[in-house]
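Novice: Please find data_37.csv (CSV, C-alpha atoms) on the next line:
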chain,number,residue,atom,x,y,z
A,1,MET,CA,-21.0,7.5,-17.9
A,2,VAL,CA,-17.9,5.3,-17.6
A,3,LYS,CA,-15.2,6.7,-15.2
A,4,ILE,CA,-11.5,6.6,-16.2
A,5,ALA,CA,-9.3,6.5,-13.1
A,6,TYR,CA,-5.5,6.7,-12.7
A,7,ASP,CA,-3.5,4.2,-10.7
A,8,PRO,CA,-0.9,6.3,-8.9
A,9,THR,CA,1.7,3.5,-8.4
A,10,PRO,CA,4.2,5.4,-10.6
A,11,LEU,CA,3.9,8.4,-8.3
A,12,HIS,CA,4.9,6.5,-5.1
A,13,HIS,CA,8.6,7.3,-5.2
A,14,ASP,CA,8.4,11.0,-6.2
A,15,PHE,CA,5.3,12.3,-4.4
A,16,ALA,CA,3.7,12.1,-0.9
A,17,LEU,CA,0.3,10.5,-0.6
A,18,LEU,CA,-1.4,13.8,0.0
A,19,GLU,CA,0.0,15.2,-3.2
A,20,PHE,CA,-1.6,12.5,-5.4
A,21,PRO,CA,-4.9,14.3,-6.1
A,22,ASP,CA,-3.1,17.4,-7.4
A,23,VAL,CA,-0.8,15.4,-9.6
A,24,VAL,CA,-3.6,13.2,-10.9
A,25,ALA,CA,-5.6,16.3,-11.8
A,26,ARG,CA,-2.6,17.8,-13.5
A,27,LEU,CA,-2.3,14.7,-15.6
A,28,GLY,CA,-5.9,15.2,-16.8
A,29,TYR,CA,-7.8,12.7,-14.7
A,30,ASP,CA,-10.6,13.4,-12.3
A,31,GLN,CA,-10.7,9.9,-10.7
A,32,LEU,CA,-8.1,8.2,-8.5
A,33,HIS,CA,-7.7,4.5,-7.9
A,34,LEU,CA,-5.9,4.3,-4.6
A,35,THR,CA,-3.5,1.3,-4.6
A,36,PRO,CA,-1.3,0.1,-1.7
A,37,HIS,CA,0.8,2.8,-0.2
A,38,PRO,CA,3.0,2.6,2.9
A,39,ASP,CA,1.2,5.7,4.4
A,40,PHE,CA,-2.3,4.3,3.8
A,41,ALA,CA,-2.8,0.6,3.3
A,42,PRO,CA,0.4,-1.2,2.5
A,43,PHE,CA,0.6,-4.7,1.0
A,44,PHE,CA,-0.3,-7.5,3.4
A,45,ARG,CA,0.0,-5.3,6.5
A,46,HIS,CA,-2.4,-3.3,8.7
A,47,PRO,CA,-3.5,0.0,7.3
A,48,LYS,CA,-1.5,3.0,8.6
A,49,ALA,CA,-4.0,5.8,8.0
A,50,ASP,CA,-5.6,7.6,11.0
A,51,ASP,CA,-8.5,10.0,11.1
A,52,GLU,CA,-6.2,13.0,10.5
A,53,LEU,CA,-4.7,11.5,7.4
A,54,VAL,CA,-8.1,10.4,6.0
A,55,ALA,CA,-9.5,13.9,6.6
A,56,GLY,CA,-6.4,15.5,4.8
A,57,LEU,CA,-6.7,13.1,1.9
A,58,LYS,CA,-10.4,13.8,1.5
A,59,LYS,CA,-9.9,17.5,1.6
A,60,ARG,CA,-7.0,17.5,-0.9
A,61,ALA,CA,-9.0,15.4,-3.3
A,62,ALA,CA,-12.0,17.7,-3.0
A,63,ASP,CA,-9.8,20.8,-3.5
A,64,ALA,CA,-8.3,19.2,-6.6
A,65,GLY,CA,-11.6,18.2,-8.1
A,66,VAL,CA,-10.6,14.5,-8.0
A,67,SER,CA,-12.8,11.7,-6.7
A,68,ILE,CA,-11.4,8.5,-5.2
A,69,ALA,CA,-13.2,6.0,-7.3
A,70,ALA,CA,-12.0,2.9,-5.5
A,71,LEU,CA,-9.5,1.5,-3.0
A,72,LEU,CA,-7.3,-1.4,-3.9
A,73,PRO,CA,-6.0,-3.3,-0.8
A,74,VAL,CA,-4.0,-6.5,-1.2
A,75,GLN,CA,-4.3,-8.8,1.8
A,76,ARG,CA,-3.9,-12.5,2.2
A,77,ILE,CA,-7.6,-13.2,2.6
A,78,SER,CA,-7.3,-16.6,0.8
A,79,TRP,CA,-4.0,-17.7,2.5
A,80,PRO,CA,-4.0,-21.4,3.4
A,81,GLY,CA,-2.4,-20.6,6.8
A,82,GLU,CA,-5.0,-19.6,9.4
A,83,ALA,CA,-2.9,-17.0,11.3
A,84,GLU,CA,-2.1,-15.1,8.1
A,85,ARG,CA,-5.8,-15.3,7.0
A,86,GLN,CA,-7.0,-14.0,10.3
A,87,ALA,CA,-4.6,-11.1,10.1
A,88,ALA,CA,-5.6,-10.3,6.6
A,89,VAL,CA,-9.3,-10.2,7.5
A,90,ARG,CA,-8.5,-7.7,10.4
A,91,ASN,CA,-6.6,-5.6,7.9
A,92,PHE,CA,-9.2,-5.8,5.3
A,93,ALA,CA,-11.9,-4.8,7.7
A,94,ARG,CA,-10.0,-1.6,8.5
A,95,VAL,CA,-9.8,-0.9,4.8
A,96,ILE,CA,-13.5,-1.2,4.6
A,97,GLU,CA,-13.8,1.4,7.4
A,98,LEU,CA,-11.4,3.7,5.5
A,99,ALA,CA,-13.4,3.4,2.3
A,100,ALA,CA,-16.6,4.3,4.3
A,101,GLU,CA,-14.8,7.3,5.9
A,102,LEU,CA,-13.6,8.5,2.4
A,103,GLU,CA,-17.1,7.9,0.9
A,104,VAL,CA,-15.5,5.5,-1.6
A,105,PRO,CA,-18.1,3.1,-3.0
A,106,VAL,CA,-15.9,0.4,-4.4
A,107,VAL,CA,-13.0,-1.8,-3.1
A,108,ASN,CA,-11.1,-3.8,-5.7
A,109,THR,CA,-8.7,-6.6,-4.6
A,110,GLU,CA,-7.1,-9.9,-5.4
A,111,PHE,CA,-7.8,-13.4,-4.0
A,112,SER,CA,-4.2,-13.6,-2.6
A,113,GLY,CA,-3.9,-17.3,-2.1
A,114,ARG,CA,-1.4,-19.9,-3.3
A,115,PRO,CA,-1.6,-21.9,-6.5
A,116,GLU,CA,0.2,-24.9,-5.0
A,117,GLU,CA,-2.5,-25.1,-2.3
A,118,SER,CA,-5.5,-24.2,-4.3
A,119,GLU,CA,-8.1,-26.2,-2.4
A,120,ALA,CA,-7.0,-24.9,1.0
A,121,SER,CA,-6.8,-21.4,-0.4
A,122,GLU,CA,-10.3,-21.6,-1.9
A,123,ALA,CA,-11.7,-22.7,1.5
A,124,SER,CA,-9.9,-19.8,3.2
A,125,PHE,CA,-11.4,-17.4,0.7
A,126,TYR,CA,-14.9,-18.5,1.5
A,127,ARG,CA,-14.2,-18.4,5.2
A,128,SER,CA,-12.9,-14.8,5.0
A,129,MET,CA,-15.9,-13.7,2.9
A,130,GLU,CA,-18.2,-15.0,5.7
A,131,GLU,CA,-16.6,-12.4,7.9
A,132,LEU,CA,-16.1,-9.5,5.5
A,133,LEU,CA,-19.4,-9.6,3.5
A,134,PRO,CA,-21.5,-8.3,6.5
A,135,LEU,CA,-19.1,-5.4,6.8
A,136,LEU,CA,-19.3,-4.6,3.1
A,137,HIS,CA,-23.1,-4.8,3.3
A,138,ARG,CA,-23.3,-2.5,6.3
A,139,GLU,CA,-21.3,0.2,4.6
A,140,GLY,CA,-22.9,-0.3,1.1
A,141,ILE,CA,-19.5,-1.0,-0.5
A,142,ARG,CA,-19.1,-3.2,-3.6
A,143,LEU,CA,-16.2,-5.6,-3.8
A,144,ASN,CA,-14.5,-6.7,-7.1
A,145,ILE,CA,-11.8,-9.3,-7.3
A,146,ASP,CA,-9.0,-10.0,-9.8
A,147,PRO,CA,-7.6,-13.5,-10.2
A,148,HIS,CA,-4.0,-12.4,-10.3
A,149,PRO,CA,-1.2,-14.4,-11.9
A,150,ASP,CA,0.3,-16.7,-9.3
A,151,ASP,CA,-2.9,-16.8,-7.3
A,152,PHE,CA,-4.8,-19.9,-6.3
A,153,VAL,CA,-7.0,-19.3,-9.3
A,154,GLU,CA,-5.7,-17.6,-12.5
A,155,ASP,CA,-8.1,-18.7,-15.2
A,156,GLY,CA,-10.8,-16.1,-15.7
A,157,LEU,CA,-13.8,-18.4,-16.0
A,158,GLU,CA,-12.8,-20.5,-13.0
A,159,ALA,CA,-12.4,-17.3,-11.0
A,160,TRP,CA,-15.9,-16.2,-12.0
A,161,ARG,CA,-17.2,-19.5,-10.8
A,162,ILE,CA,-15.6,-19.0,-7.4
A,163,ILE,CA,-17.1,-15.5,-7.1
A,164,ARG,CA,-20.5,-16.7,-8.3
A,165,GLY,CA,-20.4,-19.3,-5.6
A,166,LEU,CA,-20.6,-16.6,-3.0
A,167,ASN,CA,-24.2,-16.0,-4.2
A,168,ASP,CA,-23.9,-12.3,-3.4
A,169,PRO,CA,-24.5,-9.6,-6.1
A,170,SER,CA,-22.3,-7.1,-4.2
A,171,VAL,CA,-19.2,-9.0,-5.2
A,172,GLY,CA,-17.9,-8.7,-8.8
A,173,PHE,CA,-15.0,-9.3,-11.1
A,174,VAL,CA,-12.0,-7.1,-12.1
A,175,TYR,CA,-10.9,-7.7,-15.7
A,176,VAL,CA,-7.2,-6.7,-15.9
A,177,GLY,CA,-6.0,-6.3,-19.5
A,178,SER,CA,-2.4,-7.2,-18.7
A,179,HIS,CA,-3.7,-10.5,-17.2
A,180,THR,CA,-5.6,-11.5,-20.3
A,181,PHE,CA,-3.4,-14.4,-21.3
A,182,HIS,CA,-3.3,-15.8,-17.8
A,183,TYR,CA,-7.1,-15.6,-17.8
A,184,GLY,CA,-7.1,-17.8,-20.9
A,185,ASP,CA,-7.4,-15.1,-23.5
A,186,ARG,CA,-11.2,-15.3,-23.3
A,187,ALA,CA,-12.5,-11.8,-23.3
A,188,THR,CA,-15.2,-12.4,-25.9
A,189,SER,CA,-16.7,-15.3,-23.9
A,190,LEU,CA,-15.9,-14.3,-20.3
A,191,ILE,CA,-17.2,-10.7,-20.4
A,192,PRO,CA,-20.7,-11.7,-21.6
A,193,GLU,CA,-20.7,-14.4,-18.8
A,194,LEU,CA,-19.9,-11.8,-16.2
A,195,GLY,CA,-22.7,-9.4,-17.2
A,196,ASP,CA,-23.3,-6.7,-14.7
A,197,ARG,CA,-21.0,-8.4,-12.2
A,198,LEU,CA,-18.0,-7.0,-14.1
A,199,GLY,CA,-17.1,-4.2,-11.8
A,200,ALA,CA,-13.9,-2.7,-13.1
A,201,VAL,CA,-11.4,-3.0,-16.0
A,202,TYR,CA,-7.7,-2.2,-15.7
A,203,ALA,CA,-6.0,-1.0,-18.8
A,204,ALA,CA,-2.4,-1.9,-19.4
A,205,ASP,CA,-0.9,-4.0,-22.1
A,206,THR,CA,1.3,-7.1,-22.0
A,207,PHE,CA,3.0,-9.7,-24.2
A,208,ASP,CA,1.4,-13.1,-24.7
A,209,HIS,CA,3.7,-15.4,-22.7
A,210,VAL,CA,2.4,-18.6,-24.4
A,211,ARG,CA,3.2,-17.5,-28.0
A,212,SER,CA,6.1,-19.1,-30.0
A,213,HIS,CA,5.2,-22.5,-28.6
A,214,GLY,CA,5.8,-21.4,-25.0
A,215,LEU,CA,9.2,-20.0,-25.8
A,216,ARG,CA,8.2,-16.3,-25.8
A,217,TYR,CA,10.0,-16.1,-22.5
A,218,ILE,CA,12.8,-18.4,-21.5
A,219,THR,CA,13.7,-18.9,-17.8
A,220,ASN,CA,16.3,-21.3,-16.4
A,221,PRO,CA,16.1,-23.9,-15.2
A,222,PRO,CA,13.1,-24.9,-17.4
A,223,GLY,CA,9.9,-25.3,-15.4
A,224,ASN,CA,10.3,-22.4,-13.1
A,225,ALA,CA,7.0,-21.5,-11.5
A,226,VAL,CA,7.0,-17.9,-12.8
A,227,ARG,CA,4.1,-15.8,-14.0
A,228,VAL,CA,5.5,-13.4,-16.6
A,229,HIS,CA,3.4,-10.4,-17.5
A,230,GLN,CA,3.9,-6.6,-18.0
A,231,HIS,CA,1.9,-3.4,-17.4
A,232,LEU,CA,2.7,-1.5,-20.5
A,233,ASP,CA,1.1,1.4,-22.4
A,234,ILE,CA,-1.9,0.3,-24.5
A,235,GLY,CA,-0.6,-0.8,-27.9
A,236,ASP,CA,2.9,-1.8,-26.7
A,237,GLY,CA,1.9,-5.5,-26.2
A,238,ASP,CA,-0.3,-8.3,-27.6
A,239,VAL,CA,-3.7,-7.5,-26.0
A,240,ASP,CA,-6.4,-7.1,-28.7
A,241,TRP,CA,-7.9,-3.8,-27.4
A,242,GLN,CA,-10.5,-3.6,-30.2
A,243,GLU,CA,-11.7,-7.0,-29.3
A,244,LEU,CA,-11.8,-6.3,-25.6
A,245,PHE,CA,-13.6,-3.0,-25.9
A,246,GLY,CA,-15.9,-4.5,-28.5
A,247,ALA,CA,-16.9,-7.1,-25.9
A,248,LEU,CA,-17.3,-4.4,-23.2
A,249,ARG,CA,-19.5,-2.4,-25.6
A,250,ALA,CA,-21.6,-5.3,-26.5
A,251,SER,CA,-22.1,-6.3,-22.9
A,252,GLY,CA,-23.4,-2.8,-22.0
A,253,PHE,CA,-20.5,-2.1,-19.6
A,254,LEU,CA,-19.5,1.1,-21.3
A,255,ASP,CA,-23.0,2.5,-20.9
A,256,ARG,CA,-23.2,1.9,-17.1
A,257,ASP,CA,-22.9,4.8,-14.7
A,258,ASP,CA,-20.9,2.7,-12.3
A,259,ALA,CA,-18.4,1.4,-14.9
A,260,LEU,CA,-14.8,2.0,-13.9
A,261,ILE,CA,-11.7,1.8,-16.2
A,262,VAL,CA,-8.3,2.2,-14.6
A,263,SER,CA,-5.1,3.1,-16.3
A,264,ASN,CA,-2.5,1.0,-14.5
A,265,VAL,CA,0.8,1.2,-16.3
A,266,PHE,CA,3.8,0.2,-14.1
A,267,ALA,CA,6.6,-0.1,-16.6
A,268,GLU,CA,7.0,3.5,-17.6
A,269,ASP,CA,8.1,5.4,-14.5
A,270,GLU,CA,10.8,7.3,-16.3
A,271,ARG,CA,8.0,8.7,-18.6
A,272,ALA,CA,5.1,8.5,-16.2
A,273,GLU,CA,3.5,11.8,-17.1
A,274,GLU,CA,3.7,11.2,-20.9
A,275,SER,CA,2.4,7.6,-20.4
A,276,ALA,CA,-0.5,8.8,-18.2
A,277,ARG,CA,-1.6,11.4,-20.7
A,278,SER,CA,-1.3,9.0,-23.6
A,279,GLN,CA,-3.3,6.4,-21.8
A,280,LEU,CA,-6.1,8.8,-21.2
A,281,VAL,CA,-6.3,9.7,-24.9
A,282,LYS,CA,-6.3,6.1,-26.0
A,283,LEU,CA,-8.9,5.1,-23.5
A,284,ARG,CA,-11.2,7.9,-24.6
A,285,GLU,CA,-10.8,6.8,-28.2
A,286,LEU,CA,-11.5,3.1,-27.3
A,287,ILE,CA,-14.6,4.1,-25.3
A,288,GLY,CA,-15.9,6.3,-28.1
A,289,ALA,CA,-15.1,4.0,-30.9
Can the structure from this file be put into structure tokens for me?
Specialist:
Amino acid sequence: MVKIAYDPTPLHHDFALLEFPDVVARLGYDQLHLTPHPDFAPFFRHPKADDELVAGLKKRAADAGVSIAALLPVQRISWPGEAERQAAVRNFARVIELAAELEVPVVNTEFSGRPEESEASEASFYRSMEELLPLLHREGIRLNIDPHPDDFVEDGLEAWRIIRGLNDPSVGFVYVGSHTFHYGDRATSLIPELGDRLGAVYAADTFDHVRSHGLRYITNPPGNAVRVHQHLDIGDGDVDWQELFGALRASGFLDRDDALIVSNVFAEDERAEESARSQLVKLRELIGA
């Protein structure tokens, strides 16, 4: 049965890390998608969790009846600079150790390269995977990757080609609803292509930045290299959720025991509890439709 997890990013400013399981349970979720946190695995830096913190988090989650469905580190594993890439691999290796200690079966991440140096970034990605895949295999952990806006690859199909090029079934794709239009708005063709390599879906809405002949958003001076997108409640943007979940249903994703859907709304901190509960209701309706 598909799992629905909560991304606790809205909780970071009001709750301590060890409080997350209790809050997530109170919001109605029994799955936690642990994203970068300064006490655990911050963005681009070495993880800060020690054995004591890991044991405490594991106990608090068990006491709350919440499972940690996946970890989400963001490290510069595709960075064109070698020093940054090597540091990212060291940091990511520690995240894999933490996942194993927490008995978390999935790590979701981003490529984290640079679009202006796409060729060098792609080469760095494959170099990093040569080092990280043996660690993932040893621990039996699945890795899924999101081509994030402003990464060296943003188009969904091209990102899938890069993942497929690893020739490793333990590496899959993260489909992020709020990145739909940067992917090329191709859910109905991309999801069947991914098949069982679709590892996770993140559910948040966004506006289509290319509508109105590219004038949906205006930045000055013209030509700024920006990647505008939002993480809104389902229904507050332009993503066609019926189309997306229709494609997920047709592909068999919603029938898989390992299917993971993550509510990851970032734009509603002032109404985070209401948003979290509303997202859960909407996701259950979409899954059951």
Novice: Please determine, counting only C-alpha atoms, which residue among A:Ala225, A:Leu71, A:Ala200, A:Val239 has the shortest atom-to-atom distance to Ile4 of chain A.
Specialist: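 The closest residue to Ile4 of chain A is A:Ala200.
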Novice: Please report the interatomic distance between atom CA of Pro80 of chain A and atom CA of Leu34 of chain A in Å with one decimal.
Specialist: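 Distance reported for this atom pair: 27.0 Å.
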Novice: As an MDAnalysis selection string, please: the residues near Asn264 of chain A (cut-off 10 Å, all atoms listed in the file, same-chain neighbours under 5 positions excluded).
Specialist: chainID A and resid 5:10 33 35 176:178 201:205 231:233 276 279
Novice: What is the distance, in Å and to one decimal place, between atom CA of Val107 of chain A and atom CA of Tyr175 of chain A?
Specialist: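 It comes out at 14.1 Å.
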Novice: Quick check, in Å to one decimal: how far apart do atom CA of Glu97 of chain A and atom CA of Val66 of chain A lie?
Specialist: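 Interatomic distance here is 20.5 Å.
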Novice: Within 12 Å of (-23.9, 2.2, 1.7) in the file's own coordinates, which protein, DNA or RNA residues have an atom, counting only C-alpha atoms? List them as a list of chain:residue names.
Specialist: A:Ile96, A:Glu97, A:Ala99, A:Ala100, A:Glu101, A:Glu103, A:Val104, A:Pro105, A:Val106, A:Pro134, A:Leu135, A:Leu136, A:His137, A:Arg138, A:Glu139, A:Gly140, A:Ile141, A:Arg142, A:Ser170
Novice: When distances are computed from only C-alpha atoms, which of A:Ile145, A:Ile162, A:Leu248, A:Ala16 shows the smallest separation from Gly195 of chain A?
Specialist: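 Nearest candidate to Gly195 of chain A out of A:Ile145, A:Ile162, A:Leu248, A:Ala16: A:Leu248.
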Novice: From the list A:Asp30, A:Ala69, A:Lys48, A:Phe92, which residue is nearest Glu131 of chain A when using all atoms listed in the file?
Specialist: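 When distances to Glu131 of chain A are compared using all atoms listed in the file, the smallest one comes from A:Phe92.
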Novice: All heavy atoms are needed for segment 64-75 of chain A; please write them out as a compact mmCIF listing (two decimals), keeping the file's coordinate frame.
Specialist:
# COMPACT_ATOMS: atom_id res chain seq x y z
N ALA A 64 -8.80 19.41 -5.31
CA ALA A 64 -8.30 19.20 -6.60
C ALA A 64 -9.33 18.80 -7.66
O ALA A 64 -9.03 18.70 -8.86
CB ALA A 64 -7.20 18.07 -6.58
N GLY A 65 -10.55 18.60 -7.20
CA GLY A 65 -11.60 18.20 -8.10
C GLY A 65 -11.47 16.73 -8.53
O GLY A 65 -11.91 16.35 -9.62
N VAL A 66 -10.88 15.92 -7.66
CA VAL A 66 -10.60 14.50 -8.00
C VAL A 66 -11.43 13.63 -7.01
O VAL A 66 -11.43 13.87 -5.80
CB VAL A 66 -9.12 14.18 -7.84
CG1 VAL A 66 -8.88 12.67 -7.89
CG2 VAL A 66 -8.34 14.88 -8.94
N SER A 67 -12.11 12.65 -7.55
CA SER A 67 -12.80 11.70 -6.70
C SER A 67 -11.98 10.42 -6.57
O SER A 67 -11.28 10.01 -7.51
CB SER A 67 -14.16 11.29 -7.38
OG SER A 67 -15.02 12.40 -7.48
N ILE A 68 -12.04 9.83 -5.40
CA ILE A 68 -11.40 8.50 -5.20
C ILE A 68 -12.40 7.47 -5.60
O ILE A 68 -13.38 7.22 -4.89
CB ILE A 68 -10.92 8.36 -3.75
CG1 ILE A 68 -9.95 9.48 -3.36
CG2 ILE A 68 -10.25 6.99 -3.56
CD1 ILE A 68 -9.51 9.46 -1.91
N ALA A 69 -12.19 6.89 -6.77
CA ALA A 69 -13.20 6.00 -7.30
C ALA A 69 -13.20 4.63 -6.63
O ALA A 69 -14.25 3.98 -6.54
CB ALA A 69 -12.89 5.76 -8.82
N ALA A 70 -12.05 4.18 -6.14
CA ALA A 70 -12.00 2.90 -5.50
C ALA A 70 -10.67 2.78 -4.71
O ALA A 70 -9.68 3.46 -5.01
CB ALA A 70 -12.03 1.76 -6.54
N LEU A 71 -10.68 1.92 -3.70
CA LEU A 71 -9.50 1.50 -3.00
C LEU A 71 -9.06 0.14 -3.48
O LEU A 71 -9.92 -0.69 -3.79
CB LEU A 71 -9.68 1.48 -1.48
CG LEU A 71 -10.19 2.74 -0.79
CD1 LEU A 71 -10.23 2.51 0.72
CD2 LEU A 71 -9.35 3.96 -1.13
N LEU A 72 -7.75 -0.10 -3.52
CA LEU A 72 -7.30 -1.40 -3.90
C LEU A 72 -6.33 -1.92 -2.77
O LEU A 72 -5.14 -1.59 -2.76
CB LEU A 72 -6.53 -1.41 -5.22
CG LEU A 72 -6.21 -2.80 -5.81
CD1 LEU A 72 -5.89 -2.70 -7.30
CD2 LEU A 72 -5.04 -3.50 -5.11
N PRO A 73 -6.85 -2.67 -1.80
CA PRO A 73 -6.00 -3.30 -0.80
C PRO A 73 -5.56 -4.69 -1.36
O PRO A 73 -6.26 -5.31 -2.16
CB PRO A 73 -6.91 -3.50 0.38
CG PRO A 73 -8.27 -3.70 -0.25
CD PRO A 73 -8.28 -2.86 -1.51
N VAL A 74 -4.39 -5.15 -0.93
CA VAL A 74 -4.00 -6.50 -1.20
C VAL A 74 -3.59 -7.15 0.11
O VAL A 74 -2.60 -6.78 0.74
CB VAL A 74 -2.76 -6.55 -2.19
CG1 VAL A 74 -2.37 -8.00 -2.48
CG2 VAL A 74 -3.11 -5.83 -3.49
N GLN A 75 -4.44 -8.08 0.54
CA GLN A 75 -4.30 -8.80 1.80
C GLN A 75 -4.45 -10.28 1.58
O GLN A 75 -5.15 -10.69 0.66
CB GLN A 75 -5.29 -8.28 2.84
CG GLN A 75 -5.18 -6.81 3.19
CD GLN A 75 -3.96 -6.50 4.05
OE1 GLN A 75 -3.38 -7.39 4.67
NE2 GLN A 75 -3.57 -5.23 4.08
